[in-house]
$ cat run_35.csv   # CSV, C-alpha atoms
chain,number,residue,atom,x,y,z
A,209,MET,CA,0.0,0.0,0.0
A,210,ALA,CA,1.3,3.4,-0.9
A,211,ARG,CA,2.0,5.8,1.9
A,212,ARG,CA,0.8,9.4,1.8
A,213,THR,CA,3.8,11.6,1.6
A,214,GLY,CA,2.4,15.0,0.8
A,215,ALA,CA,4.6,15.2,-2.2
A,216,SER,CA,5.5,18.7,-3.2
A,217,VAL,CA,4.4,20.2,-6.5
A,218,PRO,CA,7.3,20.6,-9.0
A,219,THR,CA,8.5,24.1,-9.3
A,220,ASN,CA,9.1,24.0,-13.1
A,221,LEU,CA,5.5,23.7,-14.1
A,222,ALA,CA,4.4,26.2,-16.8
A,223,MET,CA,2.4,29.1,-15.5
A,224,LYS,CA,-0.7,30.1,-17.4
A,225,GLY,CA,-2.5,33.4,-17.0
A,226,ASN,CA,-2.4,34.5,-13.3
A,227,GLY,CA,-2.1,30.9,-12.1
A,228,SER,CA,0.7,29.7,-9.8
A,229,PRO,CA,2.6,26.4,-10.3
A,230,ARG,CA,0.3,25.0,-7.5
A,231,ALA,CA,-2.8,26.2,-9.3
A,232,GLU,CA,-1.6,24.7,-12.6
A,233,ALA,CA,-0.9,21.4,-10.8
A,234,SER,CA,-4.4,21.5,-9.5
A,235,ARG,CA,-5.9,22.0,-12.9
A,236,ARG,CA,-3.8,19.1,-14.2
A,237,GLY,CA,-4.9,16.9,-11.4
A,238,MET,CA,-8.6,17.7,-12.0
A,239,ALA,CA,-8.2,17.0,-15.7
A,240,SER,CA,-6.4,13.8,-15.0
A,241,VAL,CA,-9.3,12.6,-12.8
A,242,ASP,CA,-12.0,13.5,-15.3
A,243,ALA,CA,-10.2,12.2,-18.4
A,244,GLY,CA,-8.4,9.2,-17.0
A,245,LEU,CA,-10.8,7.8,-14.4
A,246,ASP,CA,-14.1,9.4,-15.5
A,247,LEU,CA,-15.2,9.8,-11.9
A,248,GLY,CA,-17.3,12.9,-12.4
A,249,LEU,CA,-16.1,14.6,-9.2
A,250,PRO,CA,-16.9,18.3,-8.5
A,251,GLY,CA,-14.2,20.8,-8.0
A,252,LYS,CA,-14.7,20.9,-4.3
A,253,PHE,CA,-16.7,19.3,-1.5
A,254,GLY,CA,-18.3,21.1,1.5
A,255,HIS,CA,-19.2,19.6,4.8
A,256,PHE,CA,-22.1,17.2,4.9
A,257,ILE,CA,-24.2,18.5,7.8
A,258,GLY,CA,-27.9,18.1,8.4
A,259,GLY,CA,-28.5,16.0,5.2
A,260,GLU,CA,-26.8,18.4,2.8
A,261,PHE,CA,-23.4,19.7,1.7
A,262,VAL,CA,-22.7,23.1,3.2
A,263,GLU,CA,-19.9,25.7,3.0
A,264,PRO,CA,-17.4,25.7,5.8
A,265,ARG,CA,-18.1,28.5,8.3
A,266,ASP,CA,-14.8,30.3,7.5
A,267,GLY,CA,-15.0,29.5,3.8
A,268,GLN,CA,-11.6,27.8,3.7
A,269,TYR,CA,-10.8,24.7,1.6
A,270,PHE,CA,-7.6,22.7,1.2
A,271,ASP,CA,-6.1,20.8,-1.7
A,272,ASN,CA,-6.5,17.0,-1.3
A,273,LEU,CA,-3.4,15.5,-2.8
A,274,SER,CA,-3.4,12.1,-4.3
A,275,PRO,CA,-0.4,9.9,-3.4
A,276,LEU,CA,-0.5,8.5,-6.9
A,277,ASP,CA,1.1,11.6,-8.4
A,278,GLY,CA,1.3,14.2,-5.5
A,279,LEU,CA,-1.2,16.5,-7.2
A,280,PRO,CA,-4.5,17.9,-6.0
A,281,PHE,CA,-7.5,16.0,-7.3
A,282,ILE,CA,-10.2,17.8,-5.4
A,283,GLN,CA,-10.7,20.5,-2.7
A,284,ALA,CA,-12.2,19.6,0.6
A,285,ALA,CA,-13.7,21.9,3.2
A,286,GLN,CA,-11.4,22.9,6.0
A,287,GLY,CA,-13.2,22.1,9.3
A,288,THR,CA,-13.0,24.2,12.4
A,289,LYS,CA,-14.5,24.1,15.9
A,290,ALA,CA,-17.5,26.1,14.5
A,291,ASP,CA,-18.1,23.4,11.9
A,292,VAL,CA,-17.8,20.6,14.4
A,293,ASP,CA,-20.3,22.4,16.8
A,294,ARG,CA,-22.6,22.9,13.9
A,295,ALA,CA,-22.5,19.2,13.0
A,296,VAL,CA,-23.1,18.1,16.6
A,297,GLU,CA,-26.1,20.4,17.0
A,298,ALA,CA,-27.6,19.1,13.7
A,299,ALA,CA,-27.0,15.5,14.9
A,300,LYS,CA,-28.6,16.2,18.3
A,301,LYS,CA,-31.6,17.8,16.7
A,302,ALA,CA,-32.0,14.8,14.3
A,303,PHE,CA,-31.6,12.3,17.2
A,304,ALA,CA,-34.2,14.1,19.5
A,305,SER,CA,-36.8,14.7,16.8
A,306,THR,CA,-36.5,11.7,14.5
A,307,TRP,CA,-33.8,9.1,14.9
A,308,SER,CA,-34.4,8.0,18.5
A,309,LYS,CA,-38.0,7.5,17.6
A,310,THR,CA,-37.4,5.6,14.4
A,311,SER,CA,-38.3,1.9,14.6
A,312,VAL,CA,-35.8,-0.9,14.3
A,313,THR,CA,-37.5,-2.0,11.1
A,314,ALA,CA,-37.1,1.4,9.5
A,315,ARG,CA,-33.5,1.8,10.5
A,316,SER,CA,-32.7,-1.7,9.2
A,317,ASN,CA,-34.3,-0.9,5.9
A,318,MET,CA,-32.3,2.3,5.7
A,319,LEU,CA,-29.0,0.4,6.1
A,320,LEU,CA,-30.1,-2.1,3.4
A,321,LYS,CA,-30.8,0.7,1.1
A,322,MET,CA,-27.4,2.3,1.8
A,323,ALA,CA,-25.8,-1.1,1.0
A,324,ASP,CA,-27.6,-1.3,-2.3
A,325,ILE,CA,-26.5,2.2,-3.3
A,326,VAL,CA,-22.8,1.5,-2.3
A,327,GLU,CA,-22.9,-1.7,-4.3
A,328,LYS,CA,-24.4,0.0,-7.3
A,329,ASN,CA,-21.5,2.5,-7.3
A,330,ALA,CA,-18.8,0.2,-6.0
A,331,ASP,CA,-16.5,0.5,-9.0
A,332,ARG,CA,-16.5,4.3,-8.9
A,333,LEU,CA,-16.1,4.4,-5.2
A,334,ALA,CA,-13.2,2.0,-5.3
A,335,LYS,CA,-11.4,4.3,-7.8
A,336,ILE,CA,-12.0,7.3,-5.7
A,337,GLU,CA,-10.6,5.4,-2.7
A,338,THR,CA,-7.5,4.5,-4.5
A,339,LEU,CA,-7.1,8.1,-5.9
A,340,ASP,CA,-7.5,9.4,-2.3
A,341,ASN,CA,-5.2,7.2,-0.3
A,342,GLY,CA,-3.0,5.5,-2.9
A,343,LYS,CA,-3.8,1.9,-2.1
A,344,ALA,CA,-3.9,-0.7,-4.9
A,345,ILE,CA,-7.2,-0.7,-6.8
A,346,ARG,CA,-7.4,-4.5,-6.2
A,347,GLU,CA,-7.6,-3.8,-2.5
A,348,SER,CA,-10.2,-1.0,-2.8
A,349,SER,CA,-12.4,-3.0,-5.1
A,350,ALA,CA,-11.9,-6.5,-3.6
A,351,THR,CA,-11.7,-5.7,0.1
A,352,ASP,CA,-12.7,-2.2,1.2
A,353,LEU,CA,-16.0,-1.8,-0.8
A,354,PRO,CA,-17.2,-5.4,-0.3
A,355,LEU,CA,-16.6,-5.2,3.4
A,356,ALA,CA,-18.4,-1.8,3.7
A,357,ILE,CA,-21.4,-3.3,1.9
A,358,ASP,CA,-21.3,-6.4,4.1
A,359,HIS,CA,-21.0,-4.3,7.3
A,360,LEU,CA,-24.2,-2.4,6.4
A,361,ARG,CA,-26.1,-5.6,5.6
A,362,TYR,CA,-24.8,-7.4,8.7
A,363,PHE,CA,-25.9,-4.6,11.0
A,364,ALA,CA,-29.2,-4.3,9.2
A,365,GLY,CA,-29.9,-7.8,10.4
A,366,ALA,CA,-28.1,-7.6,13.8
A,367,ILE,CA,-30.2,-4.6,15.0
A,368,ARG,CA,-33.4,-6.6,14.4
A,369,ALA,CA,-32.1,-9.4,16.5
A,370,GLU,CA,-31.3,-7.3,19.5
A,371,GLU,CA,-33.4,-7.9,22.6
A,372,GLY,CA,-33.4,-7.1,26.3
A,373,SER,CA,-33.3,-9.5,29.2
A,374,ALA,CA,-34.9,-10.1,32.5
A,375,SER,CA,-33.0,-11.7,35.4
A,376,GLU,CA,-34.3,-12.7,38.8
A,377,ILE,CA,-31.8,-11.5,41.4
A,378,ASP,CA,-33.7,-12.8,44.4
A,379,ALA,CA,-37.3,-13.4,45.5
A,380,ASP,CA,-37.9,-9.6,45.6
A,381,THR,CA,-35.7,-8.3,42.8
A,382,LEU,CA,-36.0,-8.4,39.1
A,383,SER,CA,-33.3,-7.0,36.8
A,384,LEU,CA,-34.4,-5.6,33.5
A,385,CYS,CA,-31.9,-4.8,30.7
A,386,ILE,CA,-33.4,-2.7,27.9
A,387,GLN,CA,-31.5,-1.6,24.8
A,388,GLU,CA,-32.0,2.1,24.2
A,389,PRO,CA,-30.2,4.6,21.9
A,390,LEU,CA,-27.9,6.9,23.9
A,391,GLY,CA,-27.4,9.9,21.6
A,392,VAL,CA,-24.8,11.5,19.3
A,393,VAL,CA,-21.3,10.0,19.0
A,394,GLY,CA,-18.2,11.3,17.2
A,395,GLN,CA,-15.7,9.1,15.4
A,396,ILE,CA,-12.3,9.8,13.9
A,397,ILE,CA,-12.2,7.8,10.7
A,398,PRO,CA,-8.8,6.1,9.9
A,399,TRP,CA,-7.2,7.0,6.6
A,400,CYS,CA,-6.3,3.5,5.6
A,401,ALA,CA,-9.9,2.1,5.3
A,402,PRO,CA,-12.4,4.9,5.7
A,403,ARG,CA,-15.4,3.2,4.1
A,404,GLY,CA,-15.3,0.0,6.1
A,405,GLU,CA,-14.8,1.8,9.4
A,406,ARG,CA,-17.6,4.3,8.6
A,407,ALA,CA,-20.1,1.6,7.8
A,408,GLY,CA,-19.6,-0.2,11.1
A,409,PRO,CA,-21.1,2.3,13.6
A,410,CYS,CA,-24.1,3.1,11.5
A,411,PRO,CA,-26.9,1.2,13.3

$ encode --input "run_35.csv" --output "structure tokens"
Amino acid sequence: MARRTGASVPTNLAMKGNGSPRAEASRRGMASVDAGLDLGLPGKFGHFIGGEFVEPRDGQYFDNLSPLDGLPFIQAAQGTKADVDRAVEAAKKAFASTWSKTSVTARSNMLLKMADIVEKNADRLAKIETLDNGKAIRESSATDLPLAIDHLRYFAGAIRAEEGSASEIDADTLSLCIQEPLGVVGQIIPWCAPRGERAGPCP
């Protein structure tokens, strides 16, 4: 597996218009993605908060460099504390108003639908994964994506099999164990296998 090195942009790149060598490299990187891999990626991604992509609070983006050639292939939103707070508040609102009241059946069906969507787009997602972290395409397509799909379907079934328990402690005491959603959690996704790790905590 290739290791992300943050390769520097060559200084001898031709400059066009008012573009810097870095900007020219960015344009070449974008063109390489569109022409070579046909991934149809936008020029930049915002934060996904509250069910939609939104601009970062301070408007800052950073170049996401591909370990394949050291060139930017997309711009990603630069998160700050304000963005994290905004995401947490949106998650708390969704949990209190909807998610904590959603039935196990509905949540299971959502995970199954997510698995179907990932499976339908597995080839494209595998290429994006390789472009993003530099691992061999065989690993992205034969390991990461199939595992992510399997995780979603596994937990779609697992959550429907969960049940509480009742234990008699003594003649006057009964212990009840009831499974209940606790609330919002945060997760730091590892760079090496983001899709599989992200699929695990979904239920």

$ atom_distance --input "run_35.csv" --atom1 "CA of Leu384 (chain A)" --atom2 "CA of Gly372 (chain A)"
7.4 Å

$ residues_around --input "run_35.csv" --residues "region 256-267 of chain A" --least-positions-apart "3" --cutoff "10 Å" --atoms "only C-alpha atoms" --output "ChimeraX atom specification"
/A:253,284-292,294-299,301-302

$ closest_residue --input "run_35.csv" --among "A:Ala374, A:Ile357, A:Ile282, A:Val393" --to "Ile336 (chain A)" --atoms "all atoms listed in the file"
A:Ile282

$ closest_residue --input "run_35.csv" --among "A:Asp246, A:Glu327, A:Asp378, A:Glu388" --to "Asp352 (chain A)" --atoms "all atoms listed in the file"
A:Glu327

$ closest_residue --input "run_35.csv" --among "A:Leu319, A:Leu353, A:Asp358, A:Ser308" --to "Arg332 (chain A)" --atoms "only C-alpha atoms"
A:Leu353

$ closest_residue --input "run_35.csv" --among "A:Ala304, A:Asp340, A:Asp324, A:Gly254" --to "Gly278 (chain A)" --atoms "only C-alpha atoms"
A:Asp340

$ residues_around --input "run_35.csv" --residues "Arg346 (chain A)" --least-positions-apart "4" --cutoff "10 Å" --atoms "all atoms listed in the file" --output "list in words"
Ala334, Lys335, Thr338, Ala350, Thr351 and Asp352 of chain A

$ atom_distance --input "run_35.csv" --atom1 "CA of Ala330 (chain A)" --atom2 "CA of Asn317 (chain A)"
19.6 Å

$ atom_distance --input "run_35.csv" --atom1 "CA of Pro250 (chain A)" --atom2 "CA of Leu279 (chain A)"
15.9 Å

$ residues_around --input "run_35.csv" --residues "Met322 (chain A)" --least-positions-apart "5" --cutoff "12 Å" --atoms "only C-alpha atoms" --output "PyMOL selection string"
chain A and resi 315-317+327-330+356-361+363-364+407+410-411

$ closest_residue --input "run_35.csv" --among "A:Ile386, A:Leu249, A:Ala379, A:Ile367" --to "Met318 (chain A)" --atoms "all atoms listed in the file"
A:Ile367
